[in-house]
$ cat work09.cif   # mmCIF, C-alpha atoms
data_upload
#
loop_
_atom_site.label_atom_id
_atom_site.label_comp_id
_atom_site.auth_asym_id
_atom_site.auth_seq_id
_atom_site.Cartn_x
_atom_site.Cartn_y
_atom_site.Cartn_z
CA MET A 263 80.11 97.40 106.10
CA LYS A 264 77.28 95.78 104.10
CA GLN A 265 79.02 92.41 104.41
CA LEU A 266 79.32 92.83 108.18
CA LEU A 267 75.65 93.81 108.57
CA SER A 268 74.62 90.86 106.43
CA ARG A 269 76.41 88.47 108.79
CA LEU A 270 74.64 89.99 111.80
CA LEU A 271 71.18 89.44 110.30
CA PRO A 272 69.29 86.19 110.99
CA LYS A 273 69.83 83.64 108.22
CA SER A 274 66.18 83.87 107.20
CA LEU A 275 66.59 87.60 106.46
CA ARG A 276 69.86 87.39 104.58
CA SER A 277 69.91 87.77 100.81
CA ASP A 278 71.00 84.65 98.94
CA ALA A 279 72.23 86.73 95.99
CA VAL A 280 75.91 86.37 95.13
CA THR A 281 77.84 89.53 94.28
CA ILE A 282 80.79 89.12 91.93
CA PRO A 283 83.31 92.00 91.69
CA VAL A 284 84.15 92.90 88.09
CA VAL A 285 87.34 94.58 86.84
CA ARG A 286 87.57 95.93 83.28
CA LEU A 287 91.08 95.94 81.81
CA GLN A 288 90.93 97.82 78.52
CA GLY A 289 93.57 99.40 76.30
CA ALA A 290 97.07 98.90 75.01
CA ILE A 291 99.68 97.80 77.56
CA MET A 292 102.27 100.52 78.06
CA ALA A 293 104.80 101.31 80.76
CA SER A 294 104.55 105.09 80.34
CA ALA A 295 101.50 106.95 81.58
CA SER A 296 99.24 108.84 79.18
CA PRO A 297 96.70 111.22 80.72
CA MET A 298 94.93 111.51 77.36
CA ARG A 299 94.58 107.77 76.63
CA GLN A 300 93.36 104.75 78.52
CA HIS A 301 96.15 102.22 78.87
CA LEU A 302 97.19 99.30 81.03
CA SER A 303 100.22 98.99 83.29
CA LEU A 304 100.85 97.61 86.75
CA SER A 305 100.61 101.10 88.26
CA SER A 306 97.26 101.81 86.58
CA THR A 307 95.69 98.46 87.55
CA ALA A 308 97.19 97.54 90.93
CA GLY A 309 94.75 99.61 93.00
CA VAL A 310 91.57 98.41 91.32
CA LEU A 311 92.76 94.78 91.47
CA GLU A 312 93.48 95.06 95.20
CA LYS A 313 90.01 96.52 95.72
CA ALA A 314 88.28 93.78 93.72
CA PHE A 315 90.03 90.97 95.61
CA SER A 316 89.07 92.54 98.95
CA TYR A 317 85.41 91.59 98.36
CA SER A 318 84.10 88.48 100.06
CA ALA A 319 83.06 86.63 96.90
CA PRO A 320 83.64 83.19 95.42
CA ALA A 321 85.37 84.69 92.38
CA VAL A 322 86.66 87.84 90.74
CA ALA A 323 85.58 88.46 87.14
CA ILE A 324 88.05 90.26 84.87
CA SER A 325 87.03 91.61 81.48
CA ILE A 326 89.93 92.01 79.04
CA ASN A 327 90.00 94.04 75.84
CA SER A 328 93.62 94.59 74.84
CA PRO A 329 95.76 94.13 71.71
CA GLY A 330 98.92 93.77 73.80
CA GLY A 331 101.97 95.99 74.18
CA SER A 332 104.74 95.90 76.78
CA PRO A 333 105.73 92.28 77.62
CA VAL A 334 107.07 93.39 81.01
CA GLN A 335 103.87 95.18 82.08
CA SER A 336 101.78 92.28 80.74
CA ARG A 337 103.62 89.81 82.94
CA LEU A 338 103.57 92.13 85.96
CA ILE A 339 99.78 92.49 85.72
CA TYR A 340 99.44 88.72 85.23
CA LYS A 341 101.58 88.05 88.29
CA ARG A 342 99.72 90.55 90.47
CA ILE A 343 96.41 88.87 89.64
CA ARG A 344 97.78 85.41 90.43
CA ASP A 345 99.39 86.63 93.68
CA LEU A 346 96.11 88.16 94.83
CA ALA A 347 94.14 85.06 93.83
CA LYS A 348 96.45 82.91 95.96
CA GLU A 349 96.55 85.35 98.86
CA LYS A 350 92.76 85.81 99.00
CA ASN A 351 91.88 82.27 97.87
CA ARG A 352 89.71 83.56 95.03
CA LYS A 353 88.91 81.97 91.70
CA VAL A 354 89.63 84.22 88.71
CA LEU A 355 87.29 84.17 85.72
CA VAL A 356 88.55 86.07 82.67
CA PHE A 357 86.17 87.24 79.95
CA VAL A 358 87.49 88.29 76.55
CA GLU A 359 85.68 91.16 74.81
CA ASP A 360 86.91 92.27 71.36
CA VAL A 361 90.49 91.08 71.72
CA ALA A 362 92.93 89.48 74.14
CA ALA A 363 95.99 89.10 71.97
CA SER A 364 99.73 89.05 72.59
CA GLY A 365 100.22 90.77 75.99
CA GLY A 366 96.43 90.90 76.37
CA TYR A 367 96.32 87.11 76.16
CA MET A 368 99.23 86.87 78.61
CA ILE A 369 97.10 88.75 81.16
CA ALA A 370 94.15 86.47 80.33
CA LEU A 371 96.30 83.49 81.37
CA ALA A 372 95.89 84.69 84.97
CA GLY A 373 92.35 83.34 84.82
CA ASP A 374 91.51 79.92 86.22
CA GLU A 375 89.06 79.90 83.33
CA ILE A 376 88.99 82.01 80.16
CA ILE A 377 85.62 82.70 78.54
CA ALA A 378 85.49 84.43 75.17
CA ASP A 379 82.86 85.75 72.81
CA PRO A 380 82.82 83.55 69.67
CA SER A 381 83.67 86.62 67.56
CA SER A 382 86.51 87.90 69.75
CA ILE A 383 90.20 87.66 68.84
CA VAL A 384 92.61 85.59 70.94
CA GLY A 385 96.17 84.35 70.68
CA SER A 386 99.06 86.09 68.89
CA ILE A 387 101.58 84.27 71.09
CA GLY A 388 104.75 85.91 69.87
CA VAL A 389 107.02 88.95 70.15
CA VAL A 390 107.27 91.84 67.70
CA SER A 391 109.45 94.94 67.37
CA ALA A 392 108.72 97.63 64.81
CA GLY A 393 110.29 100.90 63.77
CA PHE A 394 111.36 103.07 60.82
CA GLY A 395 114.60 103.81 58.99
CA PHE A 396 115.21 107.50 58.33
CA GLN A 397 118.79 107.48 57.05
CA GLU A 398 117.85 108.28 53.42
CA MET A 399 115.31 110.91 54.40
CA ILE A 400 117.74 113.02 56.44
CA GLY A 401 120.22 112.89 53.56
CA LYS A 402 117.65 114.28 51.15
CA ILE A 403 116.76 117.20 53.41
CA GLY A 404 120.40 118.03 54.13
CA VAL A 405 120.60 116.87 57.73
CA GLU A 406 123.80 115.32 59.06
CA ARG A 407 123.46 112.74 61.84
CA ARG A 408 126.07 113.04 64.61
CA VAL A 409 126.30 110.35 67.29
CA HIS A 410 129.01 110.10 69.95
CA THR A 411 129.11 107.11 72.32
CA SER A 412 131.44 105.66 74.93
CA GLY A 413 130.45 102.09 74.00
CA ARG A 414 130.60 100.64 70.50
CA ASN A 415 127.09 99.18 70.80
CA LYS A 416 125.43 102.14 72.50
CA ALA A 417 123.83 103.37 69.25
CA ILE A 418 122.58 99.93 68.20
CA LEU A 419 119.53 100.01 65.88
CA ASP A 420 119.68 103.80 65.51
CA PRO A 421 116.83 104.61 63.06
CA PHE A 422 118.91 107.37 61.45
CA GLN A 423 121.74 105.00 60.50
CA PRO A 424 121.78 102.00 58.11
CA GLU A 425 120.63 98.77 59.76
CA LYS A 426 123.41 96.31 60.64
CA LYS A 427 123.01 92.54 60.45
CA GLU A 428 124.70 92.01 63.81
CA ASP A 429 122.31 94.49 65.47
CA VAL A 430 119.26 92.69 64.05
CA LYS A 431 120.72 89.34 65.16
CA HIS A 432 121.08 90.63 68.72
CA LEU A 433 117.51 91.96 68.75
CA LYS A 434 116.23 88.64 67.40
CA SER A 435 118.01 86.73 70.18
CA ILE A 436 116.22 88.87 72.78
CA GLN A 437 112.90 88.34 71.02
CA ASP A 438 113.46 84.57 71.05
CA GLU A 439 114.10 84.66 74.81
CA LEU A 440 110.91 86.65 75.44
CA HIS A 441 108.98 84.32 73.17
CA GLU A 442 110.15 81.29 75.15
CA ILE A 443 109.00 82.94 78.39
CA PHE A 444 105.57 83.58 76.84
CA VAL A 445 105.27 80.04 75.46
CA GLY A 446 106.32 78.58 78.80
CA LEU A 447 103.64 80.60 80.59
CA VAL A 448 100.95 79.43 78.15
CA LYS A 449 101.96 75.79 78.62
CA GLU A 450 102.11 76.20 82.41
CA ARG A 451 98.66 77.75 82.67
CA ARG A 452 96.80 75.90 79.91
CA GLY A 453 98.51 72.54 80.37
CA GLY A 454 96.71 69.59 78.80
CA ARG A 455 93.90 71.81 77.54
CA LEU A 456 95.97 72.89 74.53
CA VAL A 457 95.43 71.09 71.24
CA GLU A 458 98.50 70.08 69.22
CA ASN A 459 98.87 72.63 66.42
CA ASP A 460 101.99 73.75 64.57
CA ASP A 461 100.78 77.37 64.39
CA LEU A 462 99.88 77.75 68.07
CA PHE A 463 103.04 79.64 69.05
CA THR A 464 103.85 81.36 65.74
CA GLY A 465 102.10 84.65 66.51
CA LEU A 466 98.90 83.78 64.66
CA PHE A 467 95.59 84.83 66.19
CA TRP A 468 92.13 83.31 65.96
CA SER A 469 88.47 83.95 66.65
CA GLY A 470 87.19 83.07 70.09
CA GLU A 471 85.41 80.06 68.62
CA ARG A 472 88.57 78.72 67.00
CA GLY A 473 90.55 79.59 70.13
CA HIS A 474 88.12 77.44 72.10
CA ALA A 475 88.76 74.51 69.76
CA LEU A 476 92.52 74.99 70.18
CA GLY A 477 92.30 75.08 73.97
CA LEU A 478 93.27 78.75 74.30
CA VAL A 479 89.93 79.46 76.02
CA ASP A 480 87.69 77.25 78.16
CA ALA A 481 84.23 78.34 77.10
CA LEU A 482 82.27 80.68 74.83
CA GLY A 483 79.83 83.24 76.16
CA ASP A 484 79.36 86.60 77.86
CA MET A 485 80.05 87.60 81.43
CA ARG A 486 76.50 88.21 82.67
CA SER A 487 75.02 85.00 81.30
CA TYR A 488 77.99 82.88 82.33
CA LEU A 489 78.08 84.14 85.92
CA LYS A 490 74.32 83.78 86.37
CA SER A 491 74.38 80.23 85.05
CA ARG A 492 77.22 79.45 87.45
CA TYR A 493 76.15 81.24 90.65
CA GLY A 494 72.40 81.56 90.17
CA GLU A 495 69.93 83.97 88.57
CA LYS A 496 70.17 86.36 91.52
CA THR A 497 73.89 86.89 90.93
CA ARG A 498 74.84 90.56 90.86
CA LEU A 499 77.83 92.06 89.09
CA LYS A 500 79.67 94.83 90.93
CA LEU A 501 81.92 96.94 88.71
CA VAL A 502 85.03 97.92 90.65
CA SER A 503 86.83 101.06 89.51
CA GLN A 504 89.03 103.82 90.84
CA PRO A 505 87.93 107.45 91.02
CA ARG A 506 89.71 109.50 88.39
CA GLY A 507 90.07 113.23 88.01
CA LEU A 508 90.46 115.25 84.85
CA PHE A 509 92.86 113.45 82.48
CA GLY A 510 93.19 110.71 85.11
CA ARG A 511 95.03 112.90 87.63
CA ARG A 512 94.93 116.24 89.38
CA VAL A 513 96.26 119.10 87.30
CA SER A 514 95.86 122.83 87.64
CA LEU A 515 93.82 124.48 84.89
CA PHE A 516 95.18 127.90 85.73
CA GLY A 517 98.66 129.36 85.56
CA THR A 518 101.63 128.68 83.30
CA GLU A 519 102.55 125.38 84.94
CA GLY A 520 99.06 123.93 84.44
CA ARG A 521 98.95 124.92 80.76
CA ALA A 522 102.43 123.51 80.16
CA GLU A 523 101.48 120.20 81.76
CA ILE A 524 98.35 119.94 79.65
CA ALA A 525 100.25 120.79 76.46
CA ALA A 526 102.92 118.19 77.22
CA ALA A 527 100.27 115.61 78.03
CA ALA A 528 98.49 116.34 74.75
CA THR A 529 101.70 115.87 72.74
CA ALA A 530 102.56 112.62 74.51
CA GLY A 531 98.97 111.49 74.08
CA LEU A 532 99.11 111.96 70.30
CA LEU A 533 102.27 109.87 70.01
CA GLN A 534 100.89 107.10 72.17
CA ALA A 535 97.59 107.22 70.30
CA ALA A 536 99.41 106.47 67.04
CA GLU A 537 101.27 103.58 68.69
CA GLU A 538 98.08 102.22 70.20
CA GLN A 539 96.16 102.46 66.92
CA ALA A 540 98.87 100.41 65.21
CA LEU A 541 98.37 97.68 67.83
CA TRP A 542 94.58 97.59 67.42
CA ARG A 543 94.71 97.58 63.62
CA ARG A 544 96.78 94.42 63.56
CA TYR A 545 93.56 92.66 64.51
CA GLY A 546 91.26 94.58 62.19
CA LEU A 547 89.91 96.82 64.97
#
$ encode --input "work09.cif" --output "C-alpha cells"
Amino acid sequence: MKQLLSRLLPKSLRSDAVTIPVVRLQGAIMASASPMRQHLSLSSTAGVLEKAFSYSAPAVAISINSPGGSPVQSRLIYKRIRDLAKEKNRKVLVFVEDVAASGGYMIALAGDEIIADPSSIVGSIGVVSAGFGFQEMIGKIGVERRVHTSGRNKAILDPFQPEKKEDVKHLKSIQDELHEIFVGLVKERRGGRLVENDDLFTGLFWSGERGHALGLVDALGDMRSYLKSRYGEKTRLKLVSQPRGLFGRRVSLFGTEGRAEIAAAATAGLLQAAEEQALWRRYGL
C-alpha cells in the first residue's frame, strides 16, 4: 500500500530513500522441526523469503549465521533464493555474521555478492558424518541386541553392532558424491573469483578476511554500512520476519494433549540442542 501511495504522489514529494528488505537466516540446518530451537529448513524459511522478494527494491539482503547441517535442506534453501531472485529480478546480497560454514556457506552461495565480517568464519566445503559405537557398552550392562531384517544391508552402520569395512566404504562413496555436488556449486557460483589453493575443498574453514583473499567472499564489512555506501545514506533496512506463536506454533496449554505435545517437544528439543551445539563448537562458537 505504501509503495502504491508513493507512486501516486508528485515526484517532488516522494522520498528518495531506498528500502532494502532484510532476512535473517540463523541456526543449524535441519530437516526436522524443533519448537524449542531455532533452526533452518526450506519449510521454516520459504514464507519469509517469499515475503522479502515481494518488496519493490533493488536488492534483498540476507544475513547468514549457520554452522551447517543437512546438505539437502541447505541446497533447497539455496535454490529457493536463486529461483526467487530470477523470478523477481532482484539482486541478492549475503552478509555473513559469526559463521557461514558447510551448509551455511552453501546457502551463502545464493548471493550475487557475499560480504563477511573480517572475524567471521567461512568455508568448510566438505561432508561429514558422525556417530557413536555402543556394541561394547551394551555387552557390559547385559543387553543383547536383536535385529531382524528382510534385506542383508538394512542394518548397515548399526551403532550397536561392530563397524564393517564395507559399510564404511559405502558411506564414504555417498559422501564423495555429495562433496562433488558441493564443490561444483562453489565453482559455478564463484567462478574465476576463486584463488587456486590445495586446501580450498578439503573441509578447512577460514576467517572472513582470509576467505576474502581466497575468493570465497567478495568484500569485508557489515550490512548497514555496506548498504548505505551502495544505495545512499538515506537507505533504510526493513527486517522481514514471520509472526510466530509460542514455541513457533499454536499449541494448547491446557488438557492432556497440550501437555503431552509440550513434553514431546521438550525432549526432541534437548536432542536437537546437543546436535546443534556439536555443529557450532566445530568452529569455536
$ residues_around --input "work09.cif" --residues "Tyr340 (chain A)" --least-positions-apart "4" --cutoff "8 Å" --atoms "all atoms listed in the file" --output "list in words"
Ser336, Arg344, Met368, Ile369, Ala370, Leu371 and Ala372 of chain A
$ write_last_selection --input "work09.cif" --atoms "C-alpha atoms" --output "PDB file, in the frame of the given file"
ATOM      1  CA  SER A 336     101.780  92.280  80.740  1.00  0.00           C
ATOM      2  CA  ARG A 344      97.780  85.410  90.430  1.00  0.00           C
ATOM      3  CA  MET A 368      99.230  86.870  78.610  1.00  0.00           C
ATOM      4  CA  ILE A 369      97.100  88.750  81.160  1.00  0.00           C
ATOM      5  CA  ALA A 370      94.150  86.470  80.330  1.00  0.00           C
ATOM      6  CA  LEU A 371      96.300  83.490  81.370  1.00  0.00           C
ATOM      7  CA  ALA A 372      95.890  84.690  84.970  1.00  0.00           C
TER       8      ALA A 372
END
$ atom_distance --input "work09.cif" --atom1 "CA of Lys350 (chain A)" --atom2 "CA of Ser316 (chain A)"
7.7 Å
$ resolve_selection --input "work09.cif" --expression "the PyMOL selection byres ((chain A and resi 351) around 12)" --output "list in words"
Phe315, Ser316, Tyr317, Ser318, Ala319, Pro320, Ala321, Val322, Ile343, Arg344, Asp345, Leu346, Ala347, Lys348, Glu349, Lys350, Arg352, Lys353, Val354 and Asp374 of chain A
$ resolve_selection --input "work09.cif" --expression "the PyMOL selection byres ((chain A and resi 365-367) around 10)" --output "VMD selection string"
chain A and resid 287 to 291 302 326 to 337 339 to 340 358 361 to 364 368 to 372 376 383 to 389 444 448 478 to 479
$ residues_around --input "work09.cif" --residues "Ala323 (chain A)" --least-positions-apart "2" --cutoff "6 Å" --atoms "only C-alpha atoms" --output "MDAnalysis selection string"
chainID A and resid 284 355:356
$ axis_aligned_box --input "work09.cif" --around "region 497-506 of chain A" --padding-each-side "4 Å" --output "JSON"
{"center_x": 81.8, "center_y": 98.2, "center_z": 89.7, "size_x": 23.8, "size_y": 30.6, "size_z": 10.6}
$ closest_residue --input "work09.cif" --among "A:Ala279, A:Pro380, A:Leu338, A:Lys490" --to "Thr307 (chain A)" --atoms "only C-alpha atoms"
A:Leu338
$ atom_distance --input "work09.cif" --atom1 "CA of Leu482 (chain A)" --atom2 "CA of Asp379 (chain A)"
5.5 Å
$ closest_residue --input "work09.cif" --among "A:Val430, A:Ile377, A:Ile403, A:Val502" --to "His474 (chain A)" --atoms "all atoms listed in the file"
A:Ile377
$ atom_distance --input "work09.cif" --atom1 "CA of Arg492 (chain A)" --atom2 "CA of Thr281 (chain A)"
12.2 Å
$ residues_around --input "work09.cif" --residues "Ser381 (chain A)" --least-positions-apart "5" --cutoff "8 Å" --atoms "only C-alpha atoms" --output "list in words"
Asp360, Ser469, Gly470 and Glu471 of chain A
$ write_last_selection --input "work09.cif" --atoms "C-alpha atoms" --output "CSV table (one decimal), in the frame of the given file"
chain,number,residue,atom,x,y,z
A,360,ASP,CA,86.9,92.3,71.4
A,469,SER,CA,88.5,84.0,66.6
A,470,GLY,CA,87.2,83.1,70.1
A,471,GLU,CA,85.4,80.1,68.6
$ closest_residue --input "work09.cif" --among "A:Ser382, A:Ile282, A:Phe357, A:Ala314" --to "Phe467 (chain A)" --atoms "all atoms listed in the file"
A:Ser382
$ residues_around --input "work09.cif" --residues "Leu456 (chain A)" --least-positions-apart "5" --cutoff "12 Å" --atoms "all atoms listed in the file" --output "count of residues only"
15
$ closest_residue --input "work09.cif" --among "A:Leu466, A:Val457, A:Ile324, A:Ala378" --to "Ser503 (chain A)" --atoms "all atoms listed in the file"
A:Ile324
$ build_atoms --input "work09.cif" --residues "region 431-452 of chain A" --atoms "N, CA, C and O atoms" --output "PDB file, in the coordinates of the input"
ATOM      1  N   LYS A 431     120.520  90.661  64.556  1.00  0.00           N
ATOM      2  CA  LYS A 431     120.720  89.340  65.160  1.00  0.00           C
ATOM      3  C   LYS A 431     120.597  89.415  66.680  1.00  0.00           C
ATOM      4  O   LYS A 431     120.001  88.533  67.315  1.00  0.00           O
ATOM      5  N   HIS A 432     121.164  90.466  67.264  1.00  0.00           N
ATOM      6  CA  HIS A 432     121.080  90.630  68.720  1.00  0.00           C
ATOM      7  C   HIS A 432     119.633  90.854  69.162  1.00  0.00           C
ATOM      8  O   HIS A 432     119.184  90.253  70.148  1.00  0.00           O
ATOM      9  N   LEU A 433     118.919  91.708  68.426  1.00  0.00           N
ATOM     10  CA  LEU A 433     117.510  91.960  68.750  1.00  0.00           C
ATOM     11  C   LEU A 433     116.708  90.665  68.644  1.00  0.00           C
ATOM     12  O   LEU A 433     115.867  90.372  69.507  1.00  0.00           O
ATOM     13  N   LYS A 434     116.967  89.890  67.598  1.00  0.00           N
ATOM     14  CA  LYS A 434     116.230  88.640  67.400  1.00  0.00           C
ATOM     15  C   LYS A 434     116.491  87.663  68.534  1.00  0.00           C
ATOM     16  O   LYS A 434     115.572  86.931  68.956  1.00  0.00           O
ATOM     17  N   SER A 435     117.709  87.639  69.068  1.00  0.00           N
ATOM     18  CA  SER A 435     118.010  86.730  70.180  1.00  0.00           C
ATOM     19  C   SER A 435     117.197  87.107  71.418  1.00  0.00           C
ATOM     20  O   SER A 435     116.731  86.229  72.151  1.00  0.00           O
ATOM     21  N   ILE A 436     117.023  88.412  71.643  1.00  0.00           N
ATOM     22  CA  ILE A 436     116.220  88.870  72.780  1.00  0.00           C
ATOM     23  C   ILE A 436     114.753  88.494  72.560  1.00  0.00           C
ATOM     24  O   ILE A 436     114.063  88.027  73.479  1.00  0.00           O
ATOM     25  N   GLN A 437     114.276  88.698  71.333  1.00  0.00           N
ATOM     26  CA  GLN A 437     112.900  88.340  71.020  1.00  0.00           C
ATOM     27  C   GLN A 437     112.649  86.855  71.256  1.00  0.00           C
ATOM     28  O   GLN A 437     111.601  86.458  71.784  1.00  0.00           O
ATOM     29  N   ASP A 438     113.607  86.016  70.855  1.00  0.00           N
ATOM     30  CA  ASP A 438     113.460  84.570  71.050  1.00  0.00           C
ATOM     31  C   ASP A 438     113.366  84.220  72.537  1.00  0.00           C
ATOM     32  O   ASP A 438     112.589  83.340  72.930  1.00  0.00           O
ATOM     33  N   GLU A 439     114.155  84.906  73.369  1.00  0.00           N
ATOM     34  CA  GLU A 439     114.100  84.660  74.810  1.00  0.00           C
ATOM     35  C   GLU A 439     112.727  85.041  75.378  1.00  0.00           C
ATOM     36  O   GLU A 439     112.139  84.293  76.168  1.00  0.00           O
ATOM     37  N   LEU A 440     112.221  86.205  74.975  1.00  0.00           N
ATOM     38  CA  LEU A 440     110.910  86.650  75.440  1.00  0.00           C
ATOM     39  C   LEU A 440     109.804  85.721  74.953  1.00  0.00           C
ATOM     40  O   LEU A 440     108.845  85.434  75.675  1.00  0.00           O
ATOM     41  N   HIS A 441     109.959  85.240  73.730  1.00  0.00           N
ATOM     42  CA  HIS A 441     108.980  84.320  73.170  1.00  0.00           C
ATOM     43  C   HIS A 441     108.927  83.026  73.977  1.00  0.00           C
ATOM     44  O   HIS A 441     107.840  82.497  74.272  1.00  0.00           O
ATOM     45  N   GLU A 442     110.091  82.522  74.354  1.00  0.00           N
ATOM     46  CA  GLU A 442     110.150  81.290  75.150  1.00  0.00           C
ATOM     47  C   GLU A 442     109.470  81.479  76.507  1.00  0.00           C
ATOM     48  O   GLU A 442     108.811  80.565  77.010  1.00  0.00           O
ATOM     49  N   ILE A 443     109.659  82.653  77.101  1.00  0.00           N
ATOM     50  CA  ILE A 443     109.000  82.940  78.390  1.00  0.00           C
ATOM     51  C   ILE A 443     107.486  82.910  78.214  1.00  0.00           C
ATOM     52  O   ILE A 443     106.752  82.323  79.017  1.00  0.00           O
ATOM     53  N   PHE A 444     107.003  83.534  77.127  1.00  0.00           N
ATOM     54  CA  PHE A 444     105.570  83.580  76.840  1.00  0.00           C
ATOM     55  C   PHE A 444     105.028  82.171  76.609  1.00  0.00           C
ATOM     56  O   PHE A 444     104.017  81.763  77.197  1.00  0.00           O
ATOM     57  N   VAL A 445     105.714  81.406  75.767  1.00  0.00           N
ATOM     58  CA  VAL A 445     105.270  80.040  75.460  1.00  0.00           C
ATOM     59  C   VAL A 445     105.251  79.191  76.728  1.00  0.00           C
ATOM     60  O   VAL A 445     104.308  78.423  76.970  1.00  0.00           O
ATOM     61  N   GLY A 446     106.271  79.337  77.562  1.00  0.00           N
ATOM     62  CA  GLY A 446     106.320  78.580  78.800  1.00  0.00           C
ATOM     63  C   GLY A 446     105.157  78.898  79.724  1.00  0.00           C
ATOM     64  O   GLY A 446     104.588  78.012  80.375  1.00  0.00           O
ATOM     65  N   LEU A 447     104.762  80.177  79.752  1.00  0.00           N
ATOM     66  CA  LEU A 447     103.640  80.600  80.590  1.00  0.00           C
ATOM     67  C   LEU A 447     102.330  80.008  80.073  1.00  0.00           C
ATOM     68  O   LEU A 447     101.482  79.565  80.860  1.00  0.00           O
ATOM     69  N   VAL A 448     102.161  80.007  78.744  1.00  0.00           N
ATOM     70  CA  VAL A 448     100.950  79.430  78.150  1.00  0.00           C
ATOM     71  C   VAL A 448     100.864  77.937  78.491  1.00  0.00           C
ATOM     72  O   VAL A 448      99.808  77.443  78.906  1.00  0.00           O
ATOM     73  N   LYS A 449     101.961  77.227  78.336  1.00  0.00           N
ATOM     74  CA  LYS A 449     101.960  75.790  78.620  1.00  0.00           C
ATOM     75  C   LYS A 449     101.722  75.516  80.106  1.00  0.00           C
ATOM     76  O   LYS A 449     101.034  74.556  80.476  1.00  0.00           O
ATOM     77  N   GLU A 450     102.290  76.368  80.961  1.00  0.00           N
ATOM     78  CA  GLU A 450     102.110  76.200  82.410  1.00  0.00           C
ATOM     79  C   GLU A 450     100.657  76.392  82.814  1.00  0.00           C
ATOM     80  O   GLU A 450     100.117  75.619  83.610  1.00  0.00           O
ATOM     81  N   ARG A 451     100.022  77.414  82.261  1.00  0.00           N
ATOM     82  CA  ARG A 451      98.660  77.750  82.670  1.00  0.00           C
ATOM     83  C   ARG A 451      97.579  76.936  81.954  1.00  0.00           C
ATOM     84  O   ARG A 451      96.549  76.627  82.536  1.00  0.00           O
ATOM     85  N   ARG A 452      97.829  76.602  80.676  1.00  0.00           N
ATOM     86  CA  ARG A 452      96.800  75.900  79.910  1.00  0.00           C
ATOM     87  C   ARG A 452      97.002  74.387  79.936  1.00  0.00           C
ATOM     88  O   ARG A 452      96.045  73.629  79.722  1.00  0.00           O
TER      89      ARG A 452
END
